[in-house]
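A.B. asks: Dumping the structure here so I can ask a few things about it.
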Amino acid sequence: MPIHEYACRQCGHEFEELLRTAEQKVSCPKCDSTDVQKKLSAFSAVVGASSAPPCGEGCPQGSCCSGGACPMHR
Ligand SMILES: [Zn+2]
C-alpha cells in the first residue's frame, strides 16, 4: 500500500498517511486540520537511505521497521 507524505498548511507539520481509499480524509495529527497538502512520496525512490525509516510515525505499530516485523516493511 502506498504511503503518502503530507504537509499541513495550518501548522506546517509534516506527516505520512497510509491511504486505503482515494476518498479517505487526511487530517493533520497535530492540529487536526484537513487543510493538508500532498507531497510526493520519497521513500520508494530513496532506497538505502539510512536517515529515514520507511514507516516512521505513520506506522500503526510505531517504530517497528528495525525489527522487520512491520506489515508495511518489505
Ligand atoms: Zn497541522
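To be explicit about the labels: the chains of the C-alpha cells are called A, B, and onward in the order shown, and within each one the residues are counted from 1, while ligands get numbers from 1 in the order they are shown.
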Would you mind listing the residues within 7 Å of ligand 1, counting only C-alpha atoms and all ligand atoms, as a list in words?

C.D. replies: Cys8, Arg9, Gln10, Cys11, Gly12, His13, Cys28, Pro29, Lys30, Cys31, Asp32 and Ser33 of chain A

A.B. asks: Between CA of Tyr6 in chain A and CA of Lys38 in chain A, what is the distance in Å, rounded to a tenth?

C.D. replies: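 Straight-line distance from CA of Tyr6 in chain A to CA of Lys38 in chain A works out to 4.4 Å.
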
A.B. asks: Determine, counting only C-alpha atoms, which protein, DNA and RNA residues have an atom within 7 Å of an atom of range 15-21 of chain A; residues of the same chain fewer than 2 positions away are not included. Present the result as an MDAnalysis selection string.

C.D. replies: chainID A and resid 2:7 13 23:24 58

A.B. asks: With all heavy atoms retained, export the selected residues as an mmCIF file, in the first residue's frame.

C.D. replies:
data_model
loop_
_atom_site.group_PDB
_atom_site.id
_atom_site.type_symbol
_atom_site.label_atom_id
_atom_site.label_comp_id
_atom_site.auth_asym_id
_atom_site.auth_seq_id
_atom_site.Cartn_x
_atom_site.Cartn_y
_atom_site.Cartn_z
ATOM 1 N N PRO A 2 0.436 2.226 -0.708
ATOM 2 C CA PRO A 2 1.265 3.431 -0.815
ATOM 3 C C PRO A 2 1.174 4.313 0.425
ATOM 4 O O PRO A 2 0.097 4.505 0.985
ATOM 5 C CB PRO A 2 0.671 4.156 -2.024
ATOM 6 C CG PRO A 2 -0.750 3.720 -2.058
ATOM 7 C CD PRO A 2 -0.793 2.325 -1.494
ATOM 8 N N ILE A 3 2.310 4.816 0.801
ATOM 9 C CA ILE A 3 2.344 5.790 1.894
ATOM 10 C C ILE A 3 2.555 7.167 1.295
ATOM 11 O O ILE A 3 3.477 7.371 0.515
ATOM 12 C CB ILE A 3 3.483 5.473 2.880
ATOM 13 C CG1 ILE A 3 3.275 4.087 3.480
ATOM 14 C CG2 ILE A 3 3.536 6.522 3.982
ATOM 15 C CD1 ILE A 3 4.395 3.686 4.400
ATOM 16 N N HIS A 4 1.649 8.061 1.626
ATOM 17 C CA HIS A 4 1.748 9.409 1.069
ATOM 18 C C HIS A 4 2.227 10.374 2.145
ATOM 19 O O HIS A 4 1.853 10.264 3.298
ATOM 20 C CB HIS A 4 0.396 9.873 0.530
ATOM 21 C CG HIS A 4 -0.092 9.013 -0.603
ATOM 22 N ND1 HIS A 4 0.331 9.179 -1.899
ATOM 23 C CD2 HIS A 4 -0.942 7.966 -0.619
ATOM 24 C CE1 HIS A 4 -0.251 8.281 -2.674
ATOM 25 N NE2 HIS A 4 -1.032 7.527 -1.924
ATOM 26 N N GLU A 5 3.015 11.325 1.703
ATOM 27 C CA GLU A 5 3.503 12.342 2.618
ATOM 28 C C GLU A 5 2.643 13.590 2.481
ATOM 29 O O GLU A 5 2.265 13.988 1.388
ATOM 30 C CB GLU A 5 4.958 12.690 2.304
ATOM 31 C CG GLU A 5 5.923 11.606 2.703
ATOM 32 C CD GLU A 5 7.358 12.082 2.520
ATOM 33 O OE1 GLU A 5 7.819 12.867 3.349
ATOM 34 O OE2 GLU A 5 7.984 11.683 1.547
ATOM 35 N N TYR A 6 2.365 14.184 3.607
ATOM 36 C CA TYR A 6 1.554 15.396 3.612
ATOM 37 C C TYR A 6 2.230 16.483 4.440
ATOM 38 O O TYR A 6 2.994 16.197 5.365
ATOM 39 C CB TYR A 6 0.175 15.119 4.215
ATOM 40 C CG TYR A 6 -0.682 14.235 3.338
ATOM 41 C CD1 TYR A 6 -0.632 12.859 3.463
ATOM 42 C CD2 TYR A 6 -1.537 14.790 2.394
ATOM 43 C CE1 TYR A 6 -1.405 12.043 2.666
ATOM 44 C CE2 TYR A 6 -2.319 13.984 1.594
ATOM 45 C CZ TYR A 6 -2.252 12.608 1.732
ATOM 46 O OH TYR A 6 -3.017 11.807 0.936
ATOM 47 N N ALA A 7 1.918 17.706 4.085
ATOM 48 C CA ALA A 7 2.363 18.844 4.872
ATOM 49 C C ALA A 7 1.140 19.671 5.233
ATOM 50 O O ALA A 7 0.332 20.014 4.369
ATOM 51 C CB ALA A 7 3.360 19.692 4.097
ATOM 52 N N HIS A 13 3.168 21.074 9.999
ATOM 53 C CA HIS A 13 3.597 19.741 10.399
ATOM 54 C C HIS A 13 3.617 18.800 9.200
ATOM 55 O O HIS A 13 2.695 18.794 8.394
ATOM 56 C CB HIS A 13 2.638 19.214 11.479
ATOM 57 C CG HIS A 13 3.034 17.866 12.005
ATOM 58 N ND1 HIS A 13 4.234 17.638 12.621
ATOM 59 C CD2 HIS A 13 2.372 16.680 11.997
ATOM 60 C CE1 HIS A 13 4.299 16.361 12.977
ATOM 61 N NE2 HIS A 13 3.188 15.750 12.611
ATOM 62 N N GLU A 23 -10.837 8.320 -1.424
ATOM 63 C CA GLU A 23 -11.677 9.346 -0.798
ATOM 64 C C GLU A 23 -11.351 9.552 0.668
ATOM 65 O O GLU A 23 -12.011 10.304 1.359
ATOM 66 C CB GLU A 23 -13.164 8.980 -0.915
ATOM 67 C CG GLU A 23 -13.650 8.788 -2.338
ATOM 68 C CD GLU A 23 -13.599 7.330 -2.750
ATOM 69 O OE1 GLU A 23 -14.265 6.515 -2.110
ATOM 70 O OE2 GLU A 23 -12.857 7.004 -3.678
ATOM 71 N N GLN A 24 -10.348 8.833 1.147
ATOM 72 C CA GLN A 24 -10.022 8.932 2.563
ATOM 73 C C GLN A 24 -9.615 10.353 2.942
ATOM 74 O O GLN A 24 -8.800 10.986 2.290
ATOM 75 C CB GLN A 24 -8.877 7.974 2.904
ATOM 76 C CG GLN A 24 -8.505 7.995 4.378
ATOM 77 C CD GLN A 24 -7.405 6.986 4.688
ATOM 78 O OE1 GLN A 24 -7.218 6.042 3.956
ATOM 79 N NE2 GLN A 24 -6.694 7.206 5.760
ATOM 80 N N GLY A 58 3.923 7.127 10.699
ATOM 81 C CA GLY A 58 2.741 6.639 10.007
ATOM 82 C C GLY A 58 2.494 5.174 10.266
ATOM 83 O O GLY A 58 1.451 4.641 9.926
#
